[in-house]
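Student: File follows, protein.cif with mmCIF, C-alpha atoms:
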```cif
data_upload
#
loop_
_atom_site.label_atom_id
_atom_site.label_comp_id
_atom_site.auth_asym_id
_atom_site.auth_seq_id
_atom_site.Cartn_x
_atom_site.Cartn_y
_atom_site.Cartn_z
CA MET A 80 -23.72 8.38 13.01
CA THR A 81 -23.11 4.98 14.63
CA ARG A 82 -21.16 2.60 12.41
CA LYS A 83 -22.60 -0.90 12.00
CA ILE A 84 -20.39 -3.99 12.09
CA LEU A 85 -21.34 -7.58 11.27
CA ILE A 86 -19.42 -10.35 13.06
CA VAL A 87 -19.61 -13.81 11.47
CA GLU A 88 -17.98 -16.15 14.00
CA ASP A 89 -19.01 -19.64 15.13
CA ASP A 90 -16.98 -19.60 18.34
CA ALA A 91 -19.41 -18.10 20.83
CA ALA A 92 -16.74 -16.89 23.24
CA THR A 93 -14.77 -15.09 20.51
CA ALA A 94 -17.92 -13.55 19.03
CA ALA A 95 -19.06 -12.30 22.44
CA TYR A 96 -15.61 -10.93 23.28
CA VAL A 97 -15.30 -8.98 20.02
CA ALA A 98 -18.91 -7.79 20.08
CA LYS A 99 -18.58 -6.53 23.66
CA GLY A 100 -15.37 -4.62 22.89
CA LEU A 101 -16.73 -3.05 19.70
CA GLY A 102 -19.96 -2.12 21.45
CA GLU A 103 -17.99 -0.38 24.19
CA ALA A 104 -16.06 1.46 21.45
CA GLY A 105 -19.33 2.91 20.15
CA PHE A 106 -20.18 0.57 17.27
CA ALA A 107 -23.53 -1.11 16.62
CA VAL A 108 -22.83 -4.84 16.33
CA GLU A 109 -24.76 -7.78 14.92
CA THR A 110 -23.50 -11.36 15.08
CA CYS A 111 -24.21 -14.65 13.36
CA SER A 112 -22.44 -18.01 13.45
CA ASP A 113 -23.04 -19.48 9.99
CA GLY A 114 -21.45 -18.48 6.67
CA ARG A 115 -24.76 -18.69 4.84
CA ASP A 116 -26.38 -16.34 7.34
CA GLY A 117 -23.37 -14.06 7.02
CA LEU A 118 -23.77 -13.98 3.26
CA PHE A 119 -27.47 -13.15 3.59
CA LEU A 120 -26.89 -10.35 6.09
CA GLY A 121 -23.83 -8.99 4.32
CA SER A 122 -25.72 -8.84 1.03
CA GLU A 123 -28.18 -6.36 2.51
CA GLY A 124 -25.48 -3.67 2.27
CA ILE A 125 -26.39 -2.12 5.62
CA PHE A 126 -23.07 -2.72 7.38
CA ASP A 127 -20.01 -0.49 7.37
CA LEU A 128 -17.63 -3.40 7.99
CA ILE A 129 -17.68 -7.21 8.24
CA ILE A 130 -15.50 -9.31 10.54
CA VAL A 131 -15.56 -12.94 9.43
CA ASP A 132 -13.97 -16.13 10.73
CA ARG A 133 -12.34 -18.23 8.06
CA MET A 134 -13.65 -21.62 9.23
CA LEU A 135 -17.44 -21.49 9.43
CA PRO A 136 -20.31 -23.99 9.19
CA GLY A 137 -22.59 -23.79 6.19
CA LEU A 138 -20.21 -21.71 4.09
CA ASP A 139 -16.59 -20.99 4.90
CA GLY A 140 -15.49 -17.39 5.37
CA LEU A 141 -13.49 -17.08 2.15
CA SER A 142 -16.34 -18.49 0.05
CA MET A 143 -18.71 -16.10 1.77
CA LEU A 144 -16.46 -13.14 0.91
CA GLY A 145 -16.04 -14.36 -2.65
CA ALA A 146 -19.81 -14.48 -3.07
CA LEU A 147 -20.21 -10.98 -1.66
CA ARG A 148 -17.55 -9.58 -3.99
CA ALA A 149 -19.12 -11.39 -6.96
CA ALA A 150 -22.38 -9.64 -6.07
CA ASN A 151 -20.50 -6.30 -6.09
CA ILE A 152 -20.82 -5.86 -2.31
CA ARG A 153 -17.69 -3.86 -1.41
CA THR A 154 -18.16 -3.62 2.35
CA PRO A 155 -14.68 -3.71 3.97
CA ALA A 156 -13.96 -7.12 5.46
CA LEU A 157 -11.51 -8.34 8.09
CA VAL A 158 -10.77 -12.07 8.23
CA LEU A 159 -10.04 -13.72 11.58
CA SER A 160 -8.26 -17.06 11.40
CA ALA A 161 -5.98 -19.43 13.26
CA LEU A 162 -4.39 -20.10 9.85
CA GLY A 163 -1.58 -17.59 9.75
CA THR A 164 0.99 -18.60 7.15
CA VAL A 165 1.85 -16.27 4.30
CA ASP A 166 -0.07 -18.49 1.88
CA ASP A 167 -3.12 -18.40 4.14
CA ARG A 168 -3.06 -14.62 4.35
CA VAL A 169 -2.60 -14.29 0.59
CA LYS A 170 -5.58 -16.57 -0.05
CA GLY A 171 -7.68 -14.48 2.30
CA LEU A 172 -6.78 -11.21 0.64
CA ARG A 173 -7.31 -12.63 -2.83
CA ALA A 174 -10.73 -13.93 -1.79
CA GLY A 175 -11.82 -10.37 -1.09
CA ALA A 176 -10.62 -9.57 2.43
CA ASP A 177 -9.27 -6.09 3.06
CA ASP A 178 -7.26 -7.21 6.08
CA TYR A 179 -6.33 -10.49 7.81
CA LEU A 180 -5.76 -10.99 11.53
CA THR A 181 -4.53 -14.26 12.99
CA LYS A 182 -5.79 -15.82 16.21
CA PRO A 183 -5.03 -15.34 19.03
CA PHE A 184 -5.16 -11.55 18.71
CA SER A 185 -5.35 -8.57 21.04
CA PHE A 186 -8.55 -6.55 20.94
CA ALA A 187 -6.52 -3.33 20.78
CA GLU A 188 -4.99 -4.45 17.48
CA LEU A 189 -8.35 -5.56 16.10
CA LEU A 190 -9.90 -2.20 17.00
CA ALA A 191 -7.00 -0.31 15.42
CA ARG A 192 -7.40 -2.31 12.20
CA VAL A 193 -11.15 -1.74 12.16
CA GLU A 194 -10.70 2.01 12.58
CA ALA A 195 -8.02 2.12 9.86
CA MET A 196 -10.24 0.18 7.42
CA LEU A 197 -13.17 2.53 8.05
CA ARG A 198 -10.93 5.56 7.47
CA ARG A 199 -9.75 4.11 4.16
CA ALA A 200 -13.32 3.33 3.14
CA ASP A 201 -14.45 6.84 4.02
CA GLY A 202 -11.58 8.32 2.02
CA SER A 203 -12.29 6.16 -1.02
CA ALA A 204 -15.97 7.01 -0.94
CA SER A 205 -15.26 10.69 -0.64
CA ASP A 206 -12.70 10.66 -3.45
CA SER A 207 -14.97 8.71 -5.78
CA GLN A 208 -18.08 10.82 -5.13
CA VAL A 209 -16.55 14.28 -5.57
CA THR A 210 -16.26 15.14 -9.26
CA ARG A 211 -16.64 18.92 -9.09
CA LEU A 212 -15.27 21.56 -6.74
CA THR A 213 -16.69 25.08 -6.43
CA VAL A 214 -15.09 28.04 -4.71
CA GLY A 215 -17.16 31.19 -5.12
CA ASP A 216 -17.52 31.76 -8.88
CA LEU A 217 -14.71 29.29 -9.67
CA GLU A 218 -15.66 25.81 -10.87
CA ILE A 219 -13.30 22.83 -11.20
CA ASP A 220 -14.40 19.70 -13.07
CA LEU A 221 -12.16 16.90 -11.75
CA LEU A 222 -13.19 14.40 -14.41
CA ALA A 223 -12.70 16.67 -17.40
CA ARG A 224 -9.80 18.45 -15.62
CA SER A 225 -11.25 21.76 -16.72
CA VAL A 226 -11.58 25.08 -14.90
CA SER A 227 -13.91 28.02 -15.41
CA ARG A 228 -14.70 31.24 -13.61
CA GLN A 229 -17.99 33.03 -14.18
CA GLY A 230 -18.49 30.59 -17.04
CA ARG A 231 -15.23 31.56 -18.76
CA ALA A 232 -12.81 28.71 -19.39
CA ILE A 233 -9.33 28.98 -17.89
CA ALA A 234 -6.55 26.91 -19.42
CA LEU A 235 -4.16 25.37 -16.88
CA GLY A 236 -1.14 23.13 -17.17
CA ALA A 237 -1.11 19.76 -15.38
CA ARG A 238 0.90 21.01 -12.39
CA GLU A 239 -1.21 24.16 -12.12
CA PHE A 240 -4.39 22.09 -12.14
CA ASN A 241 -3.08 19.79 -9.40
CA LEU A 242 -2.09 22.80 -7.34
CA LEU A 243 -5.51 24.42 -7.78
CA GLU A 244 -7.31 21.19 -6.88
CA PHE A 245 -5.29 20.92 -3.67
CA LEU A 246 -6.06 24.52 -2.75
CA ALA A 247 -9.76 24.03 -3.57
CA ARG A 248 -10.00 20.93 -1.39
CA HIS A 249 -8.80 23.19 1.44
CA ALA A 250 -10.83 26.24 0.38
CA GLY A 251 -10.93 28.95 2.99
CA GLN A 252 -7.99 27.41 4.86
CA VAL A 253 -4.37 28.47 4.86
CA VAL A 254 -2.26 26.03 2.84
CA THR A 255 1.44 26.23 3.66
CA ARG A 256 4.33 25.94 1.24
CA THR A 257 5.42 22.75 2.99
CA MET A 258 2.01 21.17 2.41
CA MET A 259 2.16 22.03 -1.29
CA LEU A 260 5.74 20.81 -1.66
CA GLU A 261 4.83 17.44 -0.16
CA LYS A 262 1.54 16.98 -2.02
CA ILE A 263 2.29 18.43 -5.45
CA TRP A 264 6.04 18.00 -5.81
CA ASN A 265 6.51 15.05 -3.44
CA TYR A 266 9.27 16.88 -1.58
CA HIS A 267 9.51 15.94 2.08
CA PHE A 268 11.94 18.77 2.67
CA ASP A 269 12.32 22.36 1.54
CA PRO A 270 14.63 22.33 -1.51
CA GLY A 271 15.41 25.99 -0.92
CA SER A 272 13.82 27.16 -4.17
CA ASN A 273 10.83 29.39 -4.87
CA VAL A 274 9.08 26.74 -6.97
CA VAL A 275 5.82 27.12 -5.02
CA ASP A 276 5.76 30.91 -5.29
CA VAL A 277 6.48 30.81 -9.03
CA HIS A 278 3.62 28.41 -9.70
CA ILE A 279 1.28 30.31 -7.38
CA GLY A 280 2.10 33.51 -9.26
CA ARG A 281 1.25 31.94 -12.62
CA LEU A 282 -1.91 30.36 -11.25
CA ARG A 283 -3.04 33.63 -9.68
CA ARG A 284 -2.65 35.53 -12.97
CA LYS A 285 -4.77 32.97 -14.81
CA LEU A 286 -7.46 32.91 -12.13
CA GLU A 287 -7.72 36.66 -11.59
CA GLU A 288 -6.81 38.39 -14.86
CA GLY A 289 -9.95 40.07 -16.20
CA PHE A 290 -11.96 39.48 -13.02
CA ALA A 291 -12.84 42.13 -10.46
CA ALA A 292 -12.39 40.09 -7.28
CA PRO A 293 -9.18 38.33 -6.22
CA ILE A 294 -9.55 34.66 -5.27
CA LEU A 295 -6.03 33.42 -4.44
CA HIS A 296 -4.66 35.25 -1.42
CA THR A 297 -1.22 35.38 0.18
CA VAL A 298 -1.26 34.97 3.94
CA ARG A 299 1.97 36.64 4.98
CA GLY A 300 4.36 34.33 6.80
CA ALA A 301 1.98 31.37 6.51
CA GLY A 302 1.02 30.39 2.96
CA TYR A 303 -1.93 30.83 0.61
CA ARG A 304 -5.71 30.65 0.78
CA LEU A 305 -8.23 30.09 -2.01
CA SER A 306 -11.33 32.11 -1.18
CA LEU A 307 -13.56 34.71 -2.78
CA ASP A 308 -14.04 36.37 0.60
CA GLY A 309 -10.43 37.41 1.08
#
```
For this file, produce the structure as structure tokens.

Tutor:
Amino acid sequence: MTRKILIVEDDAATAAYVAKGLGEAGFAVETCSDGRDGLFLGSEGIFDLIIVDRMLPGLDGLSMLGALRAANIRTPALVLSALGTVDDRVKGLRAGADDYLTKPFSFAELLARVEAMLRRADGSASDSQVTRLTVGDLEIDLLARSVSRQGRAIALGAREFNLLEFLARHAGQVVTRTMMLEKIWNYHFDPGSNVVDVHIGRLRRKLEEGFAAPILHTVRGAGYRLSLDG
């Protein structure tokens, strides 16, 4: 789906330059040159990202962002400004900007920042929307931090729950020991212990004891996979 970007910029040359580059990169772009128009359009909630100049007629960029945030509009926003001191950047971020780019800028950097902001927004939306994971007959309630299989509650410790959640988010895929060490134990190296295997063993017993079908599988030489299909 094409992502929509609003550019609020009163310098016609800059607006055209940015709009042309973003359009060539595959985005749908709309522009306006007045802060009040930007506030009106931004309030519609139809844009995936807003790029706003700091100095605008009608309503300056920071006031525009402040009004959007006060109205609970959380669209990611990138401020463009010739004002580039630390204090200027801090004011921009505190006003509600998610990023701040000083003029003059390269389009390559602007595009990279836009893409990074959209990735963060996608990740936040995904994390906030998912409250329950299901793998076969296994259900994980992320809010209550509870687990059940075929309706039967399974008590897990905090580390076991985190490990199961990670496996469930990659259900059907092979999850390596290195991935689990980095995500669950925050090890960026192999400590040479069998900590992963020990916890997997405990988790497997709790998930499978009393049930006919296995759900946590060892993939020899690779890692583990959470799946009811084997």

Student: Rounded to one decimal, what separation in Å do you get between atom CA of Phe240 of chain A and atom CA of Ser272 of chain A?

Tutor: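 Between atom CA of Phe240 of chain A and atom CA of Ser272 of chain A the gap is 20.5 Å.
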
Student: To test your reading of the syntax: which residues would the PyMOL selection byres ((chain A and resi 254) around 7) return for the file shown? Reply as a PyMOL selection string.

Tutor: chain A and resi 246+252-253+255-256+258+302-304

Student: Convert the current residue selection to file output with C-alpha atoms, as a compact mmCIF listing (two decimals), in the frame of the given file.

Tutor:
```
# COMPACT_ATOMS: atom_id res chain seq x y z
CA LEU A 246 -6.06 24.52 -2.75
CA GLN A 252 -7.99 27.41 4.86
CA VAL A 253 -4.37 28.47 4.86
CA THR A 255 1.44 26.23 3.66
CA ARG A 256 4.33 25.94 1.24
CA MET A 258 2.01 21.17 2.41
CA GLY A 302 1.02 30.39 2.96
CA TYR A 303 -1.93 30.83 0.61
CA ARG A 304 -5.71 30.65 0.78
```

Student: Extract, using all atoms listed in the file, all DNA, RNA and protein residues at most 6 Å from segment 161-173 of chain A, discarding same-chain residues fewer than 3 positions from it, and format them as a list in words.

Tutor: Ala176, Thr181 and Lys182 of chain A

Student: Between atom CA of Asp89 of chain A and atom CA of Asp201 of chain A, what is the distance in Å, rounded to a tenth?

Tutor: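 According to the coordinates, atom CA of Asp89 of chain A and atom CA of Asp201 of chain A are separated by 29.1 Å.
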
Student: Which distance in Å separates atom CA of Met196 of chain A and atom CA of Leu157 of chain A, to one decimal?

Tutor: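 A separation of 8.6 Å between them.
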
Student: Take the PyMOL selection byres ((chain A and resi 104-112) around 10), apply it to the structure above, and return the hits as an NGL selection string.

Tutor: :A and (80-91 or 94-95 or 97-103 or 113-117 or 120 or 126-132 or 135-137 or 190)

Student: Name the residues captured by the PyMOL selection byres ((chain A and resi 232) around 12) when it is applied to the shown file; answer as number ranges by chain.

Tutor: A: 216-220, 224-231, 233-235, 285-286

Student: Pick the closest to Ala250 of chain A from A:Lys262, A:Leu307, A:Ala292, A:Arg281: which is it, counting only C-alpha atoms?

Tutor: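 Under the stated criterion, the closest residue is A:Leu307.
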
Student: Contacts of Leu260 of chain A at 12 Å or less, counting all atoms listed in the file, minus same-chain residues fewer than 2 places along, as a list in words?

Tutor: Arg238, Asn241, Leu242, Phe245, Val254, Thr255, Arg256, Thr257, Met258, Lys262, Ile263, Trp264, Asn265, Tyr266, His267, Phe268, Asp269, Pro270, Gly271, Ser272, Asn273, Val274, Val275, Asp276, His278, Ile279 and Gly302 of chain A

Student: Go through A:Arg133, A:Ile152, A:Gly140, A:Ala291 one by one, measure the shortest atom-to-atom distance of each to Gly121 of chain A using only C-alpha atoms, and give the residue with the smallest value.

Tutor: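 Checking each candidate against Gly121 of chain A, we get A:Ile152 as the closest.
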
Student: Measuring atom to atom with only C-alpha atoms, identify which of A:Leu212, A:Leu118, A:Ala174, A:Leu189 is nearest to Gly145 of chain A.

Tutor: A:Ala174
